[in-house]
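**Q** Sharing input_39.txt, compact mmCIF, C-alpha atoms and all ligand atoms:
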```
# COMPACT_ATOMS: atom_id res chain seq x y z
CA MET A 1 -9.37 -0.96 10.08
CA SER A 2 -10.12 -1.87 6.46
CA VAL A 3 -8.14 -0.55 3.52
CA LEU A 4 -11.57 0.65 2.32
CA SER A 5 -11.91 2.93 5.33
CA GLY A 6 -12.24 6.55 4.21
CA LYS A 7 -12.31 5.54 0.54
CA LYS A 8 -14.87 7.23 -1.70
CA VAL A 9 -16.65 4.50 -3.62
CA LEU A 10 -18.90 5.25 -6.58
CA LEU A 11 -21.18 2.26 -7.08
CA GLY A 12 -22.73 1.90 -10.54
CA ILE A 13 -25.77 -0.38 -10.74
CA THR A 14 -27.08 -1.64 -14.05
CA GLY A 15 -30.35 -3.38 -14.93
CA GLY A 16 -29.84 -7.03 -14.08
CA ILE A 17 -31.64 -9.19 -11.53
CA ALA A 18 -28.51 -9.25 -9.34
CA ALA A 19 -29.20 -5.55 -8.65
CA TYR A 20 -31.46 -6.79 -5.82
CA LYS A 21 -28.26 -7.63 -3.90
CA THR A 22 -26.77 -4.16 -4.16
CA PRO A 23 -28.28 -2.82 -0.90
CA LEU A 24 -26.19 -5.51 0.85
CA LEU A 25 -23.16 -4.38 -1.12
CA VAL A 26 -23.70 -0.76 -0.07
CA ARG A 27 -24.12 -1.83 3.54
CA ALA A 28 -20.95 -3.96 3.46
CA LEU A 29 -18.93 -1.08 1.97
CA VAL A 30 -20.30 1.42 4.51
CA LYS A 31 -19.52 -1.04 7.32
CA LYS A 32 -15.90 -1.05 6.14
CA GLY A 33 -15.81 2.73 6.52
CA ALA A 34 -16.19 3.65 2.84
CA GLU A 35 -18.24 6.64 1.70
CA VAL A 36 -20.60 5.40 -0.98
CA LYS A 37 -22.47 7.24 -3.74
CA VAL A 38 -24.68 5.37 -6.19
CA VAL A 39 -25.43 5.91 -9.87
CA MET A 40 -27.96 3.70 -11.61
CA THR A 41 -28.90 3.07 -15.20
CA PRO A 42 -32.59 3.75 -15.91
CA SER A 43 -33.27 0.01 -16.24
CA ALA A 44 -31.67 -0.71 -12.84
CA LEU A 45 -34.59 1.26 -11.34
CA ASP A 46 -36.83 -1.73 -12.20
CA PHE A 47 -34.84 -3.99 -9.88
CA VAL A 48 -33.99 -1.95 -6.79
CA THR A 49 -35.28 1.35 -5.43
CA PRO A 50 -33.14 4.48 -5.08
CA LEU A 51 -34.77 5.07 -1.69
CA THR A 52 -33.26 1.86 -0.29
CA LEU A 53 -29.85 2.75 -1.70
CA SER A 54 -29.90 6.39 -0.60
CA THR A 55 -30.98 5.34 2.91
CA LEU A 56 -28.13 2.86 3.19
CA SER A 57 -25.49 5.06 1.55
CA GLN A 58 -26.76 8.27 3.18
CA ASN A 59 -26.20 10.00 -0.16
CA PRO A 60 -28.54 10.95 -3.02
CA VAL A 61 -28.81 8.32 -5.76
CA LEU A 62 -28.58 9.56 -9.34
CA SER A 63 -29.87 7.92 -12.50
CA SER A 64 -30.31 10.64 -15.11
CA PHE A 65 -28.32 13.50 -16.64
CA THR A 66 -30.58 16.12 -15.11
CA ALA A 67 -31.79 16.49 -11.55
CA GLU A 68 -35.39 15.36 -11.34
CA GLY A 69 -38.07 17.39 -9.58
CA ASN A 70 -37.85 21.01 -10.65
CA SER A 71 -38.76 21.41 -14.31
CA ASP A 72 -38.65 25.26 -14.10
CA HIS A 73 -34.97 25.21 -13.12
CA PRO A 74 -33.47 22.11 -14.68
CA GLN A 75 -30.12 21.16 -13.19
CA TRP A 76 -27.35 19.04 -14.58
CA ASN A 77 -26.12 16.02 -12.60
CA ASN A 78 -22.42 16.61 -13.05
CA HIS A 79 -21.03 13.21 -14.04
CA VAL A 80 -17.48 14.60 -14.31
CA GLU A 81 -17.55 15.85 -10.72
CA LEU A 82 -19.01 12.56 -9.52
CA ALA A 83 -16.43 10.50 -11.39
CA LEU A 84 -13.55 12.64 -10.14
CA TRP A 85 -14.90 12.48 -6.58
CA ALA A 86 -14.44 8.70 -6.52
CA ASP A 87 -11.34 6.88 -5.28
CA LEU A 88 -12.73 3.82 -7.01
CA PHE A 89 -15.66 3.04 -9.29
CA LEU A 90 -17.37 -0.31 -8.78
CA ILE A 91 -19.94 -1.37 -11.38
CA ALA A 92 -22.04 -4.20 -9.96
CA PRO A 93 -23.93 -5.84 -11.45
CA ALA A 94 -22.62 -5.05 -14.92
CA THR A 95 -24.90 -6.36 -17.68
CA SER A 96 -23.71 -7.49 -21.11
CA ASN A 97 -25.30 -4.33 -22.53
CA THR A 98 -23.34 -2.02 -20.20
CA LEU A 99 -20.07 -3.93 -20.71
CA SER A 100 -20.52 -3.54 -24.46
CA SER A 101 -21.25 0.20 -24.14
CA MET A 102 -18.20 0.67 -21.90
CA ALA A 103 -15.98 -1.12 -24.40
CA GLN A 104 -17.35 1.10 -27.22
CA ALA A 105 -17.31 4.43 -25.34
CA ARG A 106 -21.09 4.80 -25.70
CA CYS A 107 -22.55 7.37 -23.40
CA ASN A 108 -26.33 7.19 -23.35
CA ASN A 109 -26.78 7.22 -19.58
CA LEU A 110 -25.24 8.84 -16.50
CA LEU A 111 -23.40 5.69 -15.39
CA LEU A 112 -21.62 5.41 -18.75
CA ALA A 113 -20.76 9.13 -18.66
CA CYS A 114 -19.22 8.58 -15.21
CA TYR A 115 -17.28 5.58 -16.52
CA LEU A 116 -15.82 7.58 -19.40
CA SER A 117 -14.87 10.46 -17.08
CA ALA A 118 -13.44 8.34 -14.25
CA GLN A 119 -9.74 8.70 -13.47
CA CYS A 120 -9.82 6.20 -10.61
CA PRO A 121 -9.49 2.39 -10.71
CA VAL A 122 -12.63 0.73 -12.12
CA TYR A 123 -13.87 -2.64 -10.83
CA ILE A 124 -16.58 -4.57 -12.66
CA ALA A 125 -18.73 -7.44 -11.38
CA PRO A 126 -20.56 -8.84 -14.43
CA ALA A 127 -23.83 -10.74 -14.08
CA MET A 128 -25.85 -12.36 -16.88
CA ASP A 129 -27.09 -15.68 -18.11
CA LEU A 130 -24.46 -18.38 -18.72
CA ASP A 131 -24.60 -18.37 -22.53
CA MET A 132 -24.47 -14.57 -22.68
CA TYR A 133 -21.47 -14.60 -20.35
CA ALA A 134 -19.66 -17.21 -22.45
CA HIS A 135 -20.49 -15.54 -25.79
CA PRO A 136 -17.31 -14.55 -27.66
CA ALA A 137 -18.66 -11.01 -28.11
CA ASN A 138 -19.06 -10.61 -24.34
CA LEU A 139 -15.70 -12.24 -23.60
CA ALA A 140 -14.07 -9.90 -26.12
CA ASN A 141 -15.67 -6.89 -24.44
CA MET A 142 -14.42 -7.98 -21.03
CA GLU A 143 -10.93 -8.55 -22.45
CA LYS A 144 -11.01 -5.07 -23.93
CA LEU A 145 -12.04 -3.56 -20.59
CA VAL A 146 -9.20 -5.42 -18.86
CA SER A 147 -6.82 -4.00 -21.50
CA PHE A 148 -8.04 -0.51 -20.45
CA GLY A 149 -6.82 -1.34 -16.92
CA ASN A 150 -10.27 -2.15 -15.52
CA TYR A 151 -10.48 -5.00 -13.05
CA ILE A 152 -13.12 -7.74 -13.47
CA PHE A 153 -14.52 -9.79 -10.60
CA PRO A 154 -15.42 -12.92 -12.59
CA ALA A 155 -18.99 -14.18 -12.54
CA GLN A 156 -19.61 -17.18 -10.31
CA GLU A 157 -21.08 -20.61 -11.04
CA GLY A 158 -24.54 -21.37 -9.70
CA PHE A 159 -28.27 -21.08 -10.02
CA LEU A 160 -29.34 -18.33 -12.47
CA ALA A 161 -32.56 -16.32 -12.72
CA SER A 162 -33.35 -18.06 -16.03
CA GLY A 163 -33.60 -21.36 -14.17
CA LEU A 164 -30.39 -22.58 -15.76
CA GLU A 165 -27.23 -23.35 -13.83
CA GLY A 166 -23.78 -22.22 -14.82
CA LYS A 167 -21.32 -19.33 -14.77
CA GLY A 168 -23.03 -15.96 -14.75
CA ARG A 169 -23.96 -15.06 -11.17
CA MET A 170 -22.62 -11.79 -9.82
CA MET A 171 -19.94 -12.38 -7.21
CA GLU A 172 -21.62 -12.22 -3.78
CA PRO A 173 -21.47 -8.73 -2.14
CA ASP A 174 -19.25 -9.87 0.77
CA ASP A 175 -16.86 -11.56 -1.66
CA ILE A 176 -16.74 -8.41 -3.80
CA VAL A 177 -15.74 -6.43 -0.72
CA VAL A 178 -13.03 -8.95 0.24
CA SER A 179 -11.67 -8.96 -3.35
CA LEU A 180 -11.68 -5.15 -3.40
CA GLU A 181 -9.74 -5.07 -0.14
CA GLU A 182 -7.19 -7.58 -1.45
CA ASN A 183 -6.79 -5.67 -4.69
CA LEU A 184 -6.37 -2.30 -2.97
CA GLN A 185 -3.91 -3.81 -0.48
CA ALA A 186 -1.82 -5.30 -3.32
CA LYS A 187 -1.71 -1.90 -5.05
CA ALA A 188 -0.75 0.02 -1.92
CA PRO A 189 2.67 1.73 -2.20
CA LEU A 190 4.12 0.05 0.90
CA ASN A 191 2.56 -3.37 0.32
CA GLY A 192 5.07 -6.07 1.30
CA ASN A 193 7.14 -3.61 3.38
CA THR A 194 7.61 -3.73 7.12
CA VAL A 195 7.79 -0.42 8.94
CA LEU A 196 9.03 -0.16 12.52
CA ILE A 197 8.00 2.90 14.51
CA THR A 198 8.90 3.88 18.06
CA ALA A 199 6.42 6.13 19.82
CA GLY A 200 5.55 7.76 23.12
CA PRO A 201 7.63 8.41 26.20
CA THR A 202 9.60 5.92 28.26
CA HIS A 203 9.24 5.62 32.02
CA GLU A 204 12.39 4.97 34.03
CA ALA A 205 11.50 3.54 37.42
CA ILE A 206 12.62 5.21 40.67
CA ASP A 207 10.59 2.77 42.73
CA PRO A 208 7.46 0.68 41.99
CA VAL A 209 5.24 3.80 41.84
CA ARG A 210 7.50 6.65 40.67
CA PHE A 211 9.37 7.20 37.45
CA ILE A 212 11.30 9.69 35.33
CA GLY A 213 9.31 10.44 32.19
CA ASN A 214 8.34 13.23 29.82
CA HIS A 215 5.27 14.86 28.28
CA SER A 216 5.22 12.87 25.02
CA SER A 217 1.64 11.80 24.16
CA GLY A 218 2.69 9.35 21.43
CA LYS A 219 0.31 11.04 18.95
CA MET A 220 2.99 11.65 16.30
CA GLY A 221 4.24 8.03 16.36
CA TYR A 222 0.71 6.61 16.30
CA ALA A 223 -0.24 8.88 13.39
CA LEU A 224 2.84 7.66 11.50
CA ALA A 225 1.88 4.05 12.22
CA GLU A 226 -1.65 4.67 10.96
CA GLU A 227 -0.37 6.29 7.75
CA ALA A 228 2.13 3.47 7.10
CA ALA A 229 -0.69 0.96 7.59
CA ILE A 230 -2.95 2.86 5.18
CA LEU A 231 -0.10 2.77 2.65
CA GLY A 232 -0.17 -1.02 2.95
CA ALA A 233 2.83 -1.71 5.20
CA ASN A 234 2.99 -4.21 8.03
CA VAL A 235 3.66 -1.94 10.96
CA ILE A 236 5.42 -2.78 14.20
CA LEU A 237 4.59 0.01 16.61
CA ILE A 238 6.83 -0.09 19.68
CA SER A 239 5.24 2.26 22.13
CA GLY A 240 5.99 3.54 25.58
CA PRO A 241 3.07 4.18 27.95
CA THR A 242 0.34 6.28 26.25
CA ALA A 243 -3.43 6.63 26.38
CA LEU A 244 -3.70 5.80 22.66
CA SER A 245 -4.80 2.70 20.78
CA ALA A 246 -3.89 1.52 17.28
CA ALA A 247 -6.96 0.48 15.31
CA HIS A 248 -5.61 -0.52 11.90
CA HIS A 249 -5.32 -4.28 11.37
CA ASN A 250 -1.88 -3.87 9.77
CA ILE A 251 -0.45 -2.51 13.03
CA THR A 252 1.12 -4.79 15.64
CA LEU A 253 1.44 -2.88 18.89
CA VAL A 254 4.38 -3.79 21.13
CA PRO A 255 3.88 -2.01 24.46
CA VAL A 256 7.02 -1.22 26.48
CA ILE A 257 7.77 0.83 29.58
CA SER A 258 11.44 1.76 29.79
CA ALA A 259 14.19 2.69 27.33
CA ALA A 260 15.77 -0.72 27.96
CA ASP A 261 12.46 -2.47 27.08
CA MET A 262 12.14 -0.34 23.95
CA HIS A 263 15.72 -1.12 22.97
CA ALA A 264 15.12 -4.88 23.33
CA ALA A 265 11.84 -4.72 21.39
CA VAL A 266 13.39 -2.67 18.57
CA PHE A 267 16.27 -5.09 18.08
CA ASN A 268 13.89 -8.07 18.07
CA HIS A 269 12.62 -6.75 14.75
CA TYR A 270 15.09 -4.23 13.33
CA ALA A 271 17.19 -6.60 11.17
CA SER A 272 14.28 -7.41 8.86
CA VAL A 273 12.42 -4.08 8.53
CA ASP A 274 12.43 -1.87 5.43
CA ILE A 275 11.74 1.47 7.07
CA ALA A 276 12.32 2.52 10.68
CA ILE A 277 11.14 5.77 12.23
CA ALA A 278 12.17 6.72 15.76
CA ALA A 279 9.43 9.06 16.97
CA ALA A 280 9.67 8.06 20.64
CA ALA A 281 10.77 10.57 23.26
CA VAL A 282 13.16 8.16 24.94
CA ALA A 283 14.36 9.24 28.38
CA ASP A 284 18.04 10.07 28.20
CA PHE A 285 18.70 9.29 31.86
CA LYS A 286 17.50 6.66 34.30
CA PRO A 287 18.14 5.95 37.98
CA ILE A 288 21.13 3.64 38.40
CA THR A 289 19.02 1.49 40.69
CA SER A 290 15.32 1.40 41.32
CA ALA A 291 14.02 0.61 44.79
CA ASN A 292 12.10 -2.66 45.19
CA GLN A 293 9.66 -1.07 47.63
CA LYS A 294 8.01 2.36 47.60
CA ILE A 295 10.45 4.90 49.07
CA LYS A 296 8.82 6.25 52.22
CA LYS A 297 8.81 10.00 52.77
CA GLN A 298 9.81 9.68 56.46
CA SER A 299 13.36 8.93 55.34
CA GLY A 300 13.50 12.36 53.63
CA PRO A 301 14.09 13.19 49.94
CA PRO A 302 16.16 10.41 48.39
CA GLU A 303 19.32 11.05 46.43
CA ILE A 304 18.76 9.59 42.99
CA HIS A 305 21.88 8.82 40.97
CA LEU A 306 21.34 8.79 37.26
CA THR A 307 23.00 7.02 34.39
CA SER A 308 22.46 7.35 30.63
CA THR A 309 20.00 5.14 28.77
CA VAL A 310 21.13 3.43 25.61
CA ASP A 311 20.66 5.59 22.48
CA ILE A 312 18.41 3.26 20.50
CA LEU A 313 18.46 5.32 17.31
CA ALA A 314 22.25 5.66 17.33
CA GLN A 315 22.54 1.87 17.48
CA MET A 316 19.96 1.50 14.68
CA GLY A 317 22.16 3.84 12.62
CA LYS A 318 25.28 1.76 13.38
CA GLU A 319 23.57 -1.48 12.38
CA LYS A 320 21.81 -0.03 9.34
CA GLN A 321 21.73 -2.26 6.24
CA GLN A 322 18.69 -2.09 3.94
CA GLN A 323 16.61 0.01 6.37
CA PHE A 324 15.58 3.55 5.46
CA LEU A 325 16.11 5.18 8.83
CA VAL A 326 14.37 8.34 10.00
CA GLY A 327 14.86 10.03 13.35
CA PHE A 328 13.18 12.92 15.10
CA ALA A 329 14.92 15.87 16.67
CA LEU A 330 13.39 18.03 19.33
CA GLU A 331 15.39 21.24 19.59
CA THR A 332 15.05 24.55 21.35
CA GLU A 333 18.11 26.39 19.93
CA ASN A 334 20.26 26.22 16.76
CA GLU A 335 17.53 23.95 15.54
CA LEU A 336 18.56 23.25 11.96
CA GLU A 337 22.25 22.83 12.76
CA ASN A 338 21.60 20.58 15.75
CA ALA A 339 19.18 18.42 13.79
CA LYS A 340 21.60 18.10 10.85
CA GLY A 341 24.32 17.11 13.33
CA LYS A 342 22.06 14.38 14.82
CA CYS A 343 21.25 13.09 11.33
CA LEU A 344 24.96 12.69 10.54
CA ARG A 345 26.04 11.36 13.98
CA LYS A 346 23.29 8.74 14.09
CA ASN A 347 23.79 7.70 10.42
CA LEU A 348 20.18 8.50 9.41
CA ASP A 349 18.64 8.87 5.95
CA ALA A 350 16.54 11.77 7.19
CA ILE A 351 15.57 13.57 10.35
CA VAL A 352 12.33 15.33 11.23
CA LEU A 353 12.90 18.50 13.18
CA ASN A 354 10.16 19.72 15.44
CA SER A 355 10.79 22.77 17.43
CA LEU A 356 9.41 23.59 20.84
CA ASN A 357 9.60 27.24 19.72
CA ASP A 358 6.62 26.72 17.40
CA LYS A 359 3.43 27.66 19.18
CA ASP A 360 0.72 24.92 19.03
CA ALA A 361 3.22 22.35 17.74
CA GLY A 362 4.99 19.34 19.21
CA PHE A 363 4.55 17.47 22.48
CA GLY A 364 1.08 16.57 23.63
CA GLY A 365 -0.87 18.54 21.02
CA SER A 366 -2.60 17.19 17.95
CA HIS A 367 -0.64 19.43 15.54
CA ASN A 368 2.97 19.63 14.52
CA LYS A 369 5.17 21.89 12.42
CA ILE A 370 8.14 20.09 10.98
CA THR A 371 11.20 20.49 8.82
CA TYR A 372 12.16 17.32 6.96
CA ILE A 373 15.94 17.19 6.56
CA ARG A 374 17.56 14.70 4.19
CA LYS A 375 21.03 13.27 4.81
CA ASP A 376 22.41 15.42 1.97
CA ASP A 377 21.38 18.45 4.11
CA THR A 378 18.57 19.54 1.75
CA PHE A 379 15.39 20.19 3.66
CA VAL A 380 11.76 21.16 3.29
CA ASP A 381 9.69 23.22 5.74
CA PHE A 382 6.04 22.37 6.29
CA ASP A 383 3.20 24.44 7.77
CA LEU A 384 1.54 23.70 11.08
CA LYS A 385 -0.78 20.74 10.43
CA PRO A 386 -2.67 17.97 12.23
CA LYS A 387 -0.31 15.10 13.01
CA SER A 388 -2.18 12.85 10.53
CA ALA A 389 -1.35 15.31 7.72
CA VAL A 390 2.25 15.64 8.97
CA SER A 391 2.53 11.83 8.71
CA LYS A 392 1.37 11.96 5.09
CA ASP A 393 4.06 14.57 4.33
CA ILE A 394 6.75 12.43 5.98
CA PHE A 395 5.77 9.31 4.03
CA THR A 396 5.58 11.28 0.78
CA GLN A 397 9.20 12.28 1.39
CA ILE A 398 10.22 8.71 2.26
CA LEU A 399 8.46 7.26 -0.79
CA ASN A 400 10.15 9.87 -3.01
CA ALA A 401 13.53 8.83 -1.64
CA LEU A 402 12.79 5.13 -2.12
N1 LIG B 1 16.45 8.48 20.67
C1 LIG B 1 16.59 7.13 20.91
N2 LIG B 1 17.12 6.69 22.08
C2 LIG B 1 17.50 7.55 23.04
C3 LIG B 1 17.33 8.96 22.81
C4 LIG B 1 16.81 9.37 21.62
O1 LIG B 1 16.24 6.32 20.04
N3 LIG B 1 17.98 7.12 24.19
C5 LIG B 1 15.94 8.93 19.38
C6 LIG B 1 14.60 9.64 19.44
O2 LIG B 1 13.55 8.74 19.26
C7 LIG B 1 14.71 10.64 18.27
C8 LIG B 1 16.18 10.94 18.20
O3 LIG B 1 16.84 9.89 18.91
O4 LIG B 1 14.36 10.03 17.06
C9 LIG B 1 16.62 12.27 18.77
O5 LIG B 1 16.11 12.46 20.04
P1 LIG B 1 16.35 13.83 20.80
O6 LIG B 1 15.77 13.70 22.17
O7 LIG B 1 15.96 15.00 19.95
O8 LIG B 1 17.90 13.90 20.86
P2 LIG B 1 18.97 13.16 21.71
O9 LIG B 1 19.67 12.17 20.83
O10 LIG B 1 18.35 12.59 22.96
O11 LIG B 1 19.99 14.33 22.04
P3 LIG B 1 19.78 15.69 22.90
O12 LIG B 1 18.94 15.30 24.08
O13 LIG B 1 21.16 16.06 23.26
O14 LIG B 1 19.12 16.69 22.01
```
Write the structure described by the file as structure tokens, please.
Ligand code: CTP
**A**
Amino acid sequence: MSVLSGKKVLLGITGGIAAYKTPLLVRALVKKGAEVKVVMTPSALDFVTPLTLSTLSQNPVLSSFTAEGNSDHPQWNNHVELALWADLFLIAPATSNTLSSMAQARCNNLLLACYLSAQCPVYIAPAMDLDMYAHPANLANMEKLVSFGNYIFPAQEGFLASGLEGKGRMMEPDDIVVSLEENLQAKAPLNGNTVLITAGPTHEAIDPVRFIGNHSSGKMGYALAEEAAILGANVILISGPTALSAAHHNITLVPVISAADMHAAVFNHYASVDIAIAAAAVADFKPITSANQKIKKQSGPPEIHLTSTVDILAQMGKEKQQQFLVGFALETENELENAKGKCLRKNLDAIVLNSLNDKDAGFGGSHNKITYIRKDDTFVDFDLKPKSAVSKDIFTQILNAL
């Protein structure tokens, strides 16, 4: 999954010939999972039609301060709302005229009004003839915009509409998308961090077809992996058997079956990770031996002797160096006290308590209601939420602590 997935992108199109490429840009952004809205300067309308752009973006395209069509009830196109809606504002192509207006805070069209109202990162892909691009006045404007924190995708060398050849072509739409992804990835709060997550149940074999397991669906661990990946981390997701899949390209899925497999997989990676979260419902007991062949019922119910599995999280706590270590606690009585005890015993930085006493929360379901307990015993209670939102809360807490 792309870092652009779910991002709200406001695309500003100005009146240069490169505007004819913007339908491809919209399509490439939408393909990456972004939601795209388009604003155009009036002169951009000469180069590309709003109908093409609204069809591809599946959103209305705006180019004036007032909504066209109904002169009896004029309506304002709210540039502030539009600018605040955006997670990022991409202006492509940006003409010399628009760059100059942006640098001077001029506001004679809707696109410029959006620019001046935007609170999100602004990316600019200039396009103009080579001498205009190289003119000191234009270079000074671009420098000024960079000093405002705007990001410029430099114009490319090549054949220009004037018939000349040189630097001035808008970066190609696919390259803009790749550069955007790289830039967003570099800015992500967990960029450069490795996060290890255990998820799902473990299955402890009785014979080749039977096992001891539990009702864990893995949804909480997978949601945490997804959130860590969105925040830019490289994620190692060590998962017991589940029906889930991990889509994000930052996630490496390591499938395991038993507690012993999970233990081995965890300690293949643990020494070098920055954050580790144990969300797996690891079986606490396993049969001492597992039969090589299916146990036949004619011989009557077998006696199964159990032994303890290794406590993976406790060992992670013992070997903890740089890792920020978070465990989960599933409790049915004395919840807070038991969870605090686990946090201390297993040498954790925090523990997430989920209670089986909360209706609609926990195992199997898509919601959870948690208490996040820090190692200093302070804690915060959260409402019942979808597991994706719970994951956001957990990472907000972790990022605060880091
Ligand atoms: N855990 C683990 N390895 C185990 C058992 C548990 O890594 N063999 C981890 C779980 O992933 C969870 C935490 O330990 O993060 C607590 O699990 P939980 O089942 O609540 O507690 P237990 O330690 O198993 O203790 P008890 O069953 O007595 O509550």
**Q** Which polymer residues have any atom within 8 Å of an atom of region 155-163 of chain A, counting all atoms listed in the file, with same-chain residues fewer than 3 positions away left out, as a list in words?
**A** Ile17, Ala125, Pro126, Ala127, Asp129, Leu130, Gly166, Lys167, Gly168, Arg169, Met170 and Met171 of chain A
**Q** Write the selection just made, keeping C-alpha atoms, as a compact mmCIF listing (two decimals), in the frame of the given file?
**A**
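Generated output (result-v2.txt):
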```txt
# COMPACT_ATOMS: atom_id res chain seq x y z
CA ILE A 17 -31.64 -9.19 -11.53
CA ALA A 125 -18.73 -7.44 -11.38
CA PRO A 126 -20.56 -8.84 -14.43
CA ALA A 127 -23.83 -10.74 -14.08
CA ASP A 129 -27.09 -15.68 -18.11
CA LEU A 130 -24.46 -18.38 -18.72
CA GLY A 166 -23.78 -22.22 -14.82
CA LYS A 167 -21.32 -19.33 -14.77
CA GLY A 168 -23.03 -15.96 -14.75
CA ARG A 169 -23.96 -15.06 -11.17
CA MET A 170 -22.62 -11.79 -9.82
CA MET A 171 -19.94 -12.38 -7.21
```
**Q** If we count all atoms listed in the file, what is near Pro201 (chain A) at a cut-off of 7 Å, once residues fewer than 3 positions away on the same chain are taken out, given as JSON, numbers by chain?
**A** {"A": [213, 214, 216, 218, 240, 241, 280, 281, 282]}
**Q** Could you report the residues within 7 Å of ligand LIG 1 (chain B), using all atoms listed in the file, as an NGL selection string?
**A** :A and (198 or 259 or 278-284 or 309-314 or 327-331 or 342)
**Q** Which is closest to Leu88 (chain A) among A:Pro136, A:Gly16, A:Pro42, A:Gly6, if we use only C-alpha atoms?
**A**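 Using only C-alpha atoms, the shortest distance to Leu88 (chain A) belongs to A:Gly6.
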**Q** My list of candidates is A:Ala243, A:Ala92, A:Leu231, A:Met262. Which is closest to Ile398 (chain A) when distances are computed with all atoms listed in the file?
**A**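 Ranked by minimum distance to Ile398 (chain A), first place goes to A:Leu231.
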**Q** Set the distance at 12 Å and use all atoms listed in the file: which residues neighbour Asn191 (chain A) once local chain neighbours fewer than 2 positions away are removed? I'd like the list as a VMD selection string.
**A** chain A and resid 3 182 to 189 193 to 195 228 to 235 250 274
**Q** Which of these, A:Asp349, A:Asp46, A:Glu333, A:Glu204, has the shortest distance to Thr307 (chain A) once you count all atoms listed in the file?
**A**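 Once distances to Thr307 (chain A) are computed over all atoms listed in the file, the minimum belongs to A:Glu204.
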**Q** Report as a list in words all protein, DNA and RNA residues lying within 10 Å of region 376-378 of chain A, evaluated on only C-alpha atoms, omitting residues in the same chain fewer than 6 positions from it.
**A**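 Counting only C-alpha atoms, the residues come to Leu336, Glu337, Ala339, Lys340, Gly341, Cys343, Leu344, Asp349, Ala350 and Ile351 of chain A.
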**Q** Which of these, A:Leu82, A:Ile176, A:Ile275, A:Cys120, has the shortest distance to Gly192 (chain A) once you count only C-alpha atoms?
**A**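 The shortest atom-to-atom distance to Gly192 (chain A) comes from A:Ile275.
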**Q** To one decimal place in Å, what is the distance between CA of Lys392 (chain A) and CA of Met220 (chain A)?
**A**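 CA of Met220 (chain A) lies at a distance of 11.3 Å from CA of Lys392 (chain A).
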